[in-house]
>>> print(open('my_file_27.tsv').read())   # TSV, N, CA and C atoms
chain	number	residue	atom	x	y	z
T	870	MET	N	148.51	118.96	49.99
T	870	MET	CA	149.72	119.22	50.73
T	870	MET	C	150.90	118.72	49.92
T	871	PRO	N	151.96	119.52	49.83
T	871	PRO	CA	153.14	119.04	49.10
T	871	PRO	C	153.69	117.77	49.73
T	872	THR	N	154.19	116.91	48.88
T	872	THR	CA	154.76	115.65	49.37
T	872	THR	C	155.87	115.89	50.37
T	873	TRP	N	156.69	116.93	50.14
T	873	TRP	CA	157.80	117.20	51.05
T	873	TRP	C	157.30	117.57	52.44
T	874	ALA	N	156.12	118.20	52.53
T	874	ALA	CA	155.59	118.58	53.84
T	874	ALA	C	155.27	117.33	54.66
T	875	GLN	N	154.57	116.38	54.05
T	875	GLN	CA	154.26	115.15	54.76
T	875	GLN	C	155.53	114.38	55.06
T	876	SER	N	156.49	114.41	54.15
T	876	SER	CA	157.73	113.68	54.41
T	876	SER	C	158.49	114.30	55.57
T	877	ASN	N	158.37	115.63	55.77
T	877	ASN	CA	159.01	116.26	56.93
T	877	ASN	C	158.39	115.77	58.23
T	878	VAL	N	157.07	115.66	58.26
T	878	VAL	CA	156.39	115.13	59.45
T	878	VAL	C	156.79	113.67	59.64
T	879	ASP	N	156.76	112.90	58.56
T	879	ASP	CA	157.15	111.49	58.65
T	879	ASP	C	158.59	111.35	59.15
T	880	GLU	N	159.46	112.23	58.68
T	880	GLU	CA	160.86	112.19	59.09
T	880	GLU	C	160.99	112.41	60.60
T	881	CYS	N	160.19	113.31	61.15
T	881	CYS	CA	160.21	113.52	62.61
T	881	CYS	C	159.86	112.22	63.33
T	882	TYR	N	158.82	111.54	62.84
T	882	TYR	CA	158.40	110.29	63.48
T	882	TYR	C	159.47	109.20	63.33
T	883	LYS	N	160.16	109.19	62.20
T	883	LYS	CA	161.16	108.15	61.96
T	883	LYS	C	162.44	108.37	62.75
T	884	THR	N	162.85	109.62	62.90
T	884	THR	CA	164.18	109.89	63.47
T	884	THR	C	164.18	110.20	64.95
T	885	ALA	N	163.04	110.59	65.51
T	885	ALA	CA	163.01	110.96	66.92
T	885	ALA	C	163.12	109.72	67.80
T	886	ALA	N	164.07	109.76	68.68
T	886	ALA	CA	164.32	108.61	69.56
T	886	ALA	C	163.41	108.60	70.78
T	887	THR	N	162.89	109.76	71.14
T	887	THR	CA	162.03	109.86	72.32
T	887	THR	C	160.79	110.69	71.98
T	888	THR	N	159.81	110.63	72.84
T	888	THR	CA	158.60	111.43	72.67
T	888	THR	C	158.95	112.92	72.73
T	889	ILE	N	159.86	113.27	73.60
T	889	ILE	CA	160.29	114.67	73.72
T	889	ILE	C	160.96	115.13	72.42
T	890	ALA	N	161.82	114.30	71.88
T	890	ALA	CA	162.50	114.64	70.62
T	890	ALA	C	161.49	114.76	69.48
T	891	LEU	N	160.49	113.90	69.47
T	891	LEU	CA	159.45	113.97	68.44
T	891	LEU	C	158.71	115.29	68.53
T	892	ARG	N	158.28	115.65	69.73
T	892	ARG	CA	157.56	116.91	69.91
T	892	ARG	C	158.42	118.10	69.49
T	893	GLU	N	159.69	118.08	69.83
T	893	GLU	CA	160.58	119.19	69.45
T	893	GLU	C	160.73	119.28	67.93
T	894	CYS	N	160.87	118.15	67.28
T	894	CYS	CA	160.97	118.13	65.82
T	894	CYS	C	159.68	118.67	65.19
T	895	LEU	N	158.54	118.22	65.69
T	895	LEU	CA	157.26	118.68	65.16
T	895	LEU	C	157.04	120.16	65.46
T	896	LYS	N	157.45	120.62	66.63
T	896	LYS	CA	157.33	122.04	66.96
T	896	LYS	C	158.14	122.89	65.98
T	897	GLN	N	159.34	122.43	65.65
T	897	GLN	CA	160.17	123.15	64.69
T	897	GLN	C	159.51	123.16	63.31
T	898	GLU	N	158.99	122.04	62.90
T	898	GLU	CA	158.30	121.95	61.61
T	898	GLU	C	157.07	122.85	61.60
T	899	LEU	N	156.32	122.89	62.71
T	899	LEU	CA	155.14	123.74	62.79
T	899	LEU	C	155.54	125.22	62.71
T	900	GLN	N	156.61	125.59	63.37
T	900	GLN	CA	157.08	126.97	63.31
T	900	GLN	C	157.43	127.36	61.87
T	901	GLU	N	158.13	126.49	61.17
T	901	GLU	CA	158.49	126.76	59.77
T	901	GLU	C	157.25	126.82	58.88
T	902	THR	N	156.29	125.95	59.14
T	902	THR	CA	155.06	125.93	58.37
T	902	THR	C	154.25	127.20	58.63
T	903	ARG	N	154.18	127.64	59.88
T	903	ARG	CA	153.46	128.88	60.19
T	903	ARG	C	154.09	130.08	59.48
T	904	THR	N	155.42	130.11	59.42
T	904	THR	CA	156.11	131.19	58.72
T	904	THR	C	155.74	131.17	57.24
T	905	GLU	N	155.76	130.00	56.63
T	905	GLU	CA	155.38	129.87	55.23
T	905	GLU	C	153.92	130.30	55.03
T	906	TYR	N	153.06	129.89	55.94
T	906	TYR	CA	151.64	130.23	55.87
T	906	TYR	C	151.44	131.74	55.94
T	907	ARG	N	152.10	132.39	56.88
T	907	ARG	CA	151.99	133.85	57.00
T	907	ARG	C	152.45	134.55	55.72
T	908	ASP	N	153.53	134.06	55.14
T	908	ASP	CA	154.06	134.67	53.91
T	908	ASP	C	153.07	134.56	52.75
T	909	VAL	N	152.52	133.38	52.56
T	909	VAL	CA	151.59	133.18	51.44
T	909	VAL	C	150.27	133.91	51.71
T	910	LEU	N	149.86	133.98	52.97
T	910	LEU	CA	148.65	134.70	53.33
T	910	LEU	C	148.83	136.21	53.10
T	911	THR	N	150.00	136.71	53.38
T	911	THR	CA	150.29	138.13	53.11
T	911	THR	C	150.17	138.42	51.62
T	912	ARG	N	150.70	137.53	50.81
T	912	ARG	CA	150.61	137.72	49.35
T	912	ARG	C	149.16	137.69	48.87
T	913	LEU	N	148.36	136.76	49.43
T	913	LEU	CA	146.96	136.69	49.03
T	913	LEU	C	146.19	137.91	49.52
T	914	THR	N	146.50	138.39	50.71
T	914	THR	CA	145.84	139.59	51.23
T	914	THR	C	146.14	140.78	50.33
T	915	GLN	N	147.38	140.90	49.89
T	915	GLN	CA	147.75	141.98	48.97
T	915	GLN	C	146.99	141.85	47.65
T	916	HIS	N	146.89	140.63	47.16
T	916	HIS	CA	146.16	140.38	45.91
T	916	HIS	C	144.68	140.75	46.08
T	917	ALA	N	144.08	140.35	47.19
T	917	ALA	CA	142.67	140.66	47.45
T	917	ALA	C	142.47	142.17	47.57
T	918	ALA	N	143.38	142.86	48.24
T	918	ALA	CA	143.28	144.31	48.38
T	918	ALA	C	143.38	145.00	47.02
T	919	GLU	N	144.26	144.50	46.17
T	919	GLU	CA	144.41	145.07	44.83
T	919	GLU	C	143.13	144.83	44.03
T	920	LEU	N	142.55	143.66	44.15
T	920	LEU	CA	141.29	143.38	43.47
T	920	LEU	C	140.19	144.31	43.96
T	921	ASP	N	140.10	144.50	45.27
T	921	ASP	CA	139.10	145.43	45.82
T	921	ASP	C	139.33	146.85	45.30
T	922	ARG	N	140.58	147.24	45.20
T	922	ARG	CA	140.91	148.59	44.71
T	922	ARG	C	140.48	148.74	43.25
T	923	ILE	N	140.81	147.74	42.44
T	923	ILE	CA	140.50	147.79	41.01
T	923	ILE	C	138.99	147.79	40.77
T	924	THR	N	138.28	146.97	41.50
T	924	THR	CA	136.83	146.83	41.28
T	924	THR	C	136.03	147.91	41.99
T	925	GLY	N	136.66	148.59	42.96
T	925	GLY	CA	135.94	149.60	43.72
T	925	GLY	C	135.00	149.01	44.75
T	926	ARG	N	135.10	147.73	44.98
T	926	ARG	CA	134.27	147.06	45.98
T	926	ARG	C	135.15	146.67	47.17
T	927	ASN	N	134.53	146.46	48.27
T	927	ASN	CA	135.24	146.02	49.47
T	927	ASN	C	134.72	144.64	49.84
T	928	GLU	N	135.05	143.65	49.01
T	928	GLU	CA	134.52	142.30	49.20
T	928	GLU	C	135.60	141.26	49.43
T	929	ALA	N	136.67	141.31	48.67
T	929	ALA	CA	137.66	140.23	48.71
T	929	ALA	C	138.39	140.17	50.05
T	930	VAL	N	138.84	141.30	50.56
T	930	VAL	CA	139.59	141.29	51.83
T	930	VAL	C	138.70	140.83	52.98
T	931	PRO	N	137.48	141.39	53.15
T	931	PRO	CA	136.63	140.89	54.23
T	931	PRO	C	136.29	139.40	54.10
T	932	ALA	N	136.09	138.93	52.87
T	932	ALA	CA	135.80	137.51	52.66
T	932	ALA	C	136.99	136.66	53.06
T	933	LEU	N	138.19	137.11	52.72
T	933	LEU	CA	139.40	136.39	53.12
T	933	LEU	C	139.54	136.38	54.63
T	934	GLU	N	139.26	137.50	55.28
T	934	GLU	CA	139.35	137.56	56.74
T	934	GLU	C	138.37	136.59	57.39
T	935	ARG	N	137.15	136.52	56.86
T	935	ARG	CA	136.16	135.57	57.41
T	935	ARG	C	136.62	134.12	57.19
T	936	ALA	N	137.16	133.86	56.01
T	936	ALA	CA	137.64	132.51	55.71
T	936	ALA	C	138.79	132.13	56.65
T	937	ASN	N	139.67	133.07	56.92
T	937	ASN	CA	140.80	132.79	57.82
T	937	ASN	C	140.33	132.54	59.25
T	938	THR	N	139.35	133.30	59.69
T	938	THR	CA	138.81	133.09	61.04
T	938	THR	C	138.18	131.70	61.14
T	939	ALA	N	137.41	131.34	60.12
T	939	ALA	CA	136.78	130.01	60.11
T	939	ALA	C	137.84	128.91	60.05
T	940	PHE	N	138.87	129.12	59.25
T	940	PHE	CA	139.94	128.12	59.15
T	940	PHE	C	140.65	127.96	60.49
T	941	ASP	N	140.95	129.06	61.15
T	941	ASP	CA	141.63	128.99	62.46
T	941	ASP	C	140.80	128.19	63.46
T	942	ARG	N	139.49	128.42	63.47
T	942	ARG	CA	138.60	127.66	64.38
T	942	ARG	C	138.60	126.18	64.01
T	943	TYR	N	138.54	125.91	62.71
T	943	TYR	CA	138.56	124.52	62.24
T	943	TYR	C	139.84	123.80	62.68
T	944	VAL	N	140.98	124.44	62.48
T	944	VAL	CA	142.25	123.82	62.86
T	944	VAL	C	142.25	123.52	64.36
T	945	ALA	N	141.85	124.49	65.17
T	945	ALA	CA	141.85	124.30	66.62
T	945	ALA	C	140.98	123.11	67.02
T	946	GLU	N	139.77	123.06	66.48
T	946	GLU	CA	138.84	121.99	66.86
T	946	GLU	C	139.25	120.63	66.30
T	947	GLN	N	139.65	120.60	65.02
T	947	GLN	CA	140.05	119.33	64.41
T	947	GLN	C	141.26	118.75	65.12
T	948	CYS	N	142.21	119.58	65.45
T	948	CYS	CA	143.43	119.08	66.08
T	948	CYS	C	143.19	118.70	67.54
T	949	ARG	N	142.24	119.36	68.20
T	949	ARG	CA	141.83	118.90	69.55
T	949	ARG	C	141.20	117.52	69.45
T	950	PHE	N	140.41	117.30	68.42
T	950	PHE	CA	139.81	115.99	68.19
T	950	PHE	C	140.89	114.93	67.96
T	951	ASP	N	141.84	115.24	67.07
T	951	ASP	CA	142.93	114.30	66.81
T	951	ASP	C	143.65	113.96	68.11
T	952	GLN	N	143.89	114.97	68.91
T	952	GLN	CA	144.57	114.76	70.19
T	952	GLN	C	143.72	113.91	71.12
T	953	ALA	N	142.43	114.15	71.15
T	953	ALA	CA	141.52	113.41	72.02
T	953	ALA	C	141.49	111.92	71.68
T	954	LEU	N	141.74	111.58	70.43
T	954	LEU	CA	141.75	110.17	70.05
T	954	LEU	C	142.86	109.40	70.74
T	955	PHE	N	143.84	110.12	71.27
T	955	PHE	CA	144.93	109.46	71.99
T	955	PHE	C	144.66	109.34	73.48
T	956	SER	N	143.51	109.82	73.93
T	956	SER	CA	143.10	109.71	75.33
T	956	SER	C	144.21	110.12	76.29
T	957	SER	N	144.80	111.26	76.04
T	957	SER	CA	145.88	111.81	76.87
T	957	SER	C	147.11	110.92	76.90
T	958	GLY	N	147.25	110.04	75.93
T	958	GLY	CA	148.44	109.20	75.86
T	958	GLY	C	149.65	110.02	75.44
T	959	THR	N	150.80	109.39	75.42
T	959	THR	CA	152.02	110.11	75.12
T	959	THR	C	152.08	110.65	73.71
T	960	GLY	N	151.28	110.12	72.81
T	960	GLY	CA	151.28	110.61	71.44
T	960	GLY	C	150.29	111.72	71.19
T	961	ALA	N	149.53	112.12	72.20
T	961	ALA	CA	148.48	113.12	72.02
T	961	ALA	C	149.03	114.46	71.56
T	962	GLY	N	150.08	114.93	72.19
T	962	GLY	CA	150.66	116.21	71.81
T	962	GLY	C	151.23	116.19	70.40
T	963	ALA	N	151.88	115.10	70.05
T	963	ALA	CA	152.44	114.96	68.70
T	963	ALA	C	151.33	114.90	67.66
T	964	ALA	N	150.21	114.25	68.00
T	964	ALA	CA	149.08	114.19	67.07
T	964	ALA	C	148.54	115.58	66.80
T	965	ASN	N	148.44	116.40	67.83
T	965	ASN	CA	147.95	117.76	67.66
T	965	ASN	C	148.89	118.56	66.78
T	966	LEU	N	150.18	118.48	67.02
T	966	LEU	CA	151.17	119.20	66.22
T	966	LEU	C	151.14	118.74	64.76
T	967	SER	N	151.10	117.44	64.55
T	967	SER	CA	151.06	116.90	63.19
T	967	SER	C	149.81	117.37	62.46
T	968	CYS	N	148.70	117.38	63.16
T	968	CYS	CA	147.44	117.84	62.59
T	968	CYS	C	147.56	119.30	62.13
T	969	GLN	N	148.10	120.14	62.98
T	969	GLN	CA	148.25	121.55	62.61
T	969	GLN	C	149.14	121.71	61.38
T	970	ILE	N	150.24	120.99	61.35
T	970	ILE	CA	151.16	121.06	60.20
T	970	ILE	C	150.43	120.64	58.93
T	971	ASN	N	149.75	119.52	58.99
T	971	ASN	CA	149.07	119.00	57.80
T	971	ASN	C	147.97	119.94	57.31
T	972	LEU	N	147.17	120.48	58.23
T	972	LEU	CA	146.09	121.38	57.82
T	972	LEU	C	146.64	122.71	57.29
T	973	LEU	N	147.69	123.21	57.90
T	973	LEU	CA	148.30	124.45	57.39
T	973	LEU	C	148.85	124.25	55.98
T	974	HIS	N	149.46	123.11	55.74
T	974	HIS	CA	149.98	122.85	54.39
T	974	HIS	C	148.84	122.74	53.37
T	975	ALA	N	147.74	122.14	53.78
T	975	ALA	CA	146.59	122.07	52.87
T	975	ALA	C	146.07	123.48	52.57
T	976	ARG	N	146.02	124.33	53.58
T	976	ARG	CA	145.56	125.72	53.40
T	976	ARG	C	146.55	126.50	52.53
T	977	ILE	N	147.84	126.28	52.73
T	977	ILE	CA	148.85	126.94	51.90
T	977	ILE	C	148.60	126.59	50.43
T	978	GLY	N	148.36	125.34	50.15
T	978	GLY	CA	148.08	124.92	48.77
T	978	GLY	C	146.84	125.60	48.22
T	979	ALA	N	145.81	125.71	49.03
T	979	ALA	CA	144.57	126.37	48.59
T	979	ALA	C	144.82	127.84	48.33
T	980	ILE	N	145.57	128.49	49.20
T	980	ILE	CA	145.88	129.92	49.01
T	980	ILE	C	146.72	130.12	47.76
T	981	GLU	N	147.73	129.29	47.58
T	981	GLU	CA	148.60	129.44	46.42
T	981	GLU	C	147.82	129.30	45.12
T	982	SER	N	146.78	128.48	45.13
T	982	SER	CA	145.99	128.31	43.92
T	982	SER	C	145.18	129.57	43.60
T	983	GLN	N	145.00	130.45	44.56
T	983	GLN	CA	144.25	131.70	44.36
T	983	GLN	C	145.14	132.85	43.91
T	984	LEU	N	146.45	132.66	43.98
T	984	LEU	CA	147.38	133.73	43.61
T	984	LEU	C	147.60	133.75	42.10
T	985	PRO	N	147.75	134.93	41.55
T	985	PRO	CA	148.04	135.00	40.11
T	985	PRO	C	149.40	134.39	39.82
T	986	GLN	N	149.52	133.78	38.67
T	986	GLN	CA	150.79	133.12	38.30
T	986	GLN	C	151.75	134.07	37.72
>>> encode(input="my_file_27.tsv", output="structure tokens")
Amino acid sequence: MPTWAQSNVDECYKTAATTIALRECLKQELQETRTEYRDVLTRLTQHAAELDRITGRNEAVPALERANTAFDRYVAEQCRFDQALFSSGTGAGAANLSCQINLLHARIGAIESQLPQ
């Protein structure tokens, strides 16, 4: 995960005066991260489709789709676990949001490493 991504999450925790403000900050960061994720995923999907076209095989796009489905399930379950560690405390929602942001940034880095330079 890029250092700036973690620092954005950390900044939310440092600057938010209330739990509500923290959640709003994290929601905004998650929205921006999802947008970045969709953009990089679109580029990788295009790259995979081009590879399938060049090779005449239909392997890269379906493999990417399966990987994305598995990743989505992983994020949902892992972040539910992170939230559960707070036992429905006031930080539970923020823990879930932070988890999603962090895992999406890790996935963005993995996807970017698969893109041609």
>>> residues_near_point(input="my_file_27.tsv", point="(157.1, 117.4, 71.5)", cutoff="10 Å", atoms="only C-alpha atoms", output="ChimeraX atom specification")
/T:885,887-897,959-966
>>> select_by_dssp(input="my_file_27.tsv", residues="chain T", states="alpha helix (DSSP H)", output="ChimeraX atom specification")
/T:872-884,888-924,929-953,961-983
>>> atom_distance(input="my_file_27.tsv", atom1="atom N of Arg949 in chain T", atom2="atom N of Gln969 in chain T")
7.9 Å
>>> atom_distance(input="my_file_27.tsv", atom1="CA of Glu905 in chain T", atom2="CA of Gln983 in chain T")
15.7 Å
>>> closest_residue(input="my_file_27.tsv", among="T:Cys881, T:Ala953, T:Cys948, T:Leu913", to="Leu933 in chain T", atoms="all atoms listed in the file")
T:Leu913
>>> atom_distance(input="my_file_27.tsv", atom1="atom N of Ala917 in chain T", atom2="atom C of Ala936 in chain T")
13.6 Å
>>> residues_around(input="my_file_27.tsv", residues="Ala918 in chain T", least_positions_apart="4", cutoff="12 Å", atoms="only C-alpha atoms", output="PDB file with N, CA and C atoms, keeping the file's coordinate frame")
ATOM      1  N   THR T 911     150.000 136.710  53.380  1.00  0.00           N
ATOM      2  CA  THR T 911     150.290 138.130  53.110  1.00  0.00           C
ATOM      3  C   THR T 911     150.170 138.420  51.620  1.00  0.00           C
ATOM      4  N   ARG T 912     150.700 137.530  50.810  1.00  0.00           N
ATOM      5  CA  ARG T 912     150.610 137.720  49.350  1.00  0.00           C
ATOM      6  C   ARG T 912     149.160 137.690  48.870  1.00  0.00           C
ATOM      7  N   LEU T 913     148.360 136.760  49.430  1.00  0.00           N
ATOM      8  CA  LEU T 913     146.960 136.690  49.030  1.00  0.00           C
ATOM      9  C   LEU T 913     146.190 137.910  49.520  1.00  0.00           C
ATOM     10  N   THR T 914     146.500 138.390  50.710  1.00  0.00           N
ATOM     11  CA  THR T 914     145.840 139.590  51.230  1.00  0.00           C
ATOM     12  C   THR T 914     146.140 140.780  50.330  1.00  0.00           C
ATOM     13  N   ARG T 922     140.580 147.240  45.200  1.00  0.00           N
ATOM     14  CA  ARG T 922     140.910 148.590  44.710  1.00  0.00           C
ATOM     15  C   ARG T 922     140.480 148.740  43.250  1.00  0.00           C
ATOM     16  N   ILE T 923     140.810 147.740  42.440  1.00  0.00           N
ATOM     17  CA  ILE T 923     140.500 147.790  41.010  1.00  0.00           C
ATOM     18  C   ILE T 923     138.990 147.790  40.770  1.00  0.00           C
ATOM     19  N   THR T 924     138.280 146.970  41.500  1.00  0.00           N
ATOM     20  CA  THR T 924     136.830 146.830  41.280  1.00  0.00           C
ATOM     21  C   THR T 924     136.030 147.910  41.990  1.00  0.00           C
ATOM     22  N   GLY T 925     136.660 148.590  42.960  1.00  0.00           N
ATOM     23  CA  GLY T 925     135.940 149.600  43.720  1.00  0.00           C
ATOM     24  C   GLY T 925     135.000 149.010  44.750  1.00  0.00           C
ATOM     25  N   ARG T 926     135.100 147.730  44.980  1.00  0.00           N
ATOM     26  CA  ARG T 926     134.270 147.060  45.980  1.00  0.00           C
ATOM     27  C   ARG T 926     135.150 146.670  47.170  1.00  0.00           C
ATOM     28  N   ASN T 927     134.530 146.460  48.270  1.00  0.00           N
ATOM     29  CA  ASN T 927     135.240 146.020  49.470  1.00  0.00           C
ATOM     30  C   ASN T 927     134.720 144.640  49.840  1.00  0.00           C
ATOM     31  N   GLU T 928     135.050 143.650  49.010  1.00  0.00           N
ATOM     32  CA  GLU T 928     134.520 142.300  49.200  1.00  0.00           C
ATOM     33  C   GLU T 928     135.600 141.260  49.430  1.00  0.00           C
ATOM     34  N   ALA T 929     136.670 141.310  48.670  1.00  0.00           N
ATOM     35  CA  ALA T 929     137.660 140.230  48.710  1.00  0.00           C
ATOM     36  C   ALA T 929     138.390 140.170  50.050  1.00  0.00           C
ATOM     37  N   VAL T 930     138.840 141.300  50.560  1.00  0.00           N
ATOM     38  CA  VAL T 930     139.590 141.290  51.830  1.00  0.00           C
ATOM     39  C   VAL T 930     138.700 140.830  52.980  1.00  0.00           C
ATOM     40  N   PRO T 931     137.480 141.390  53.150  1.00  0.00           N
ATOM     41  CA  PRO T 931     136.630 140.890  54.230  1.00  0.00           C
ATOM     42  C   PRO T 931     136.290 139.400  54.100  1.00  0.00           C
ATOM     43  N   ALA T 932     136.090 138.930  52.870  1.00  0.00           N
ATOM     44  CA  ALA T 932     135.800 137.510  52.660  1.00  0.00           C
ATOM     45  C   ALA T 932     136.990 136.660  53.060  1.00  0.00           C
ATOM     46  N   LEU T 933     138.190 137.110  52.720  1.00  0.00           N
ATOM     47  CA  LEU T 933     139.400 136.390  53.120  1.00  0.00           C
ATOM     48  C   LEU T 933     139.540 136.380  54.630  1.00  0.00           C
ATOM     49  N   GLU T 934     139.260 137.500  55.280  1.00  0.00           N
ATOM     50  CA  GLU T 934     139.350 137.560  56.740  1.00  0.00           C
ATOM     51  C   GLU T 934     138.370 136.590  57.390  1.00  0.00           C
TER      52      GLU T 934
END
>>> closest_residue(input="my_file_27.tsv", among="T:Gln952, T:Tyr906, T:Ala939, T:Thr884", to="Ser967 in chain T", atoms="only C-alpha atoms")
T:Gln952
>>> closest_residue(input="my_file_27.tsv", among="T:Leu984, T:Ala945, T:Leu973, T:Cys968", to="Thr902 in chain T", atoms="only C-alpha atoms")
T:Leu973
>>> axis_aligned_box(input="my_file_27.tsv", around="range 915-934 of chain T", padding_each_side="4 Å", output="AutoDock Vina command-line options")
--center_x 141.0 --center_y 143.0 --center_z 49.1 --size_x 21.5 --size_y 21.2 --size_z 24.6
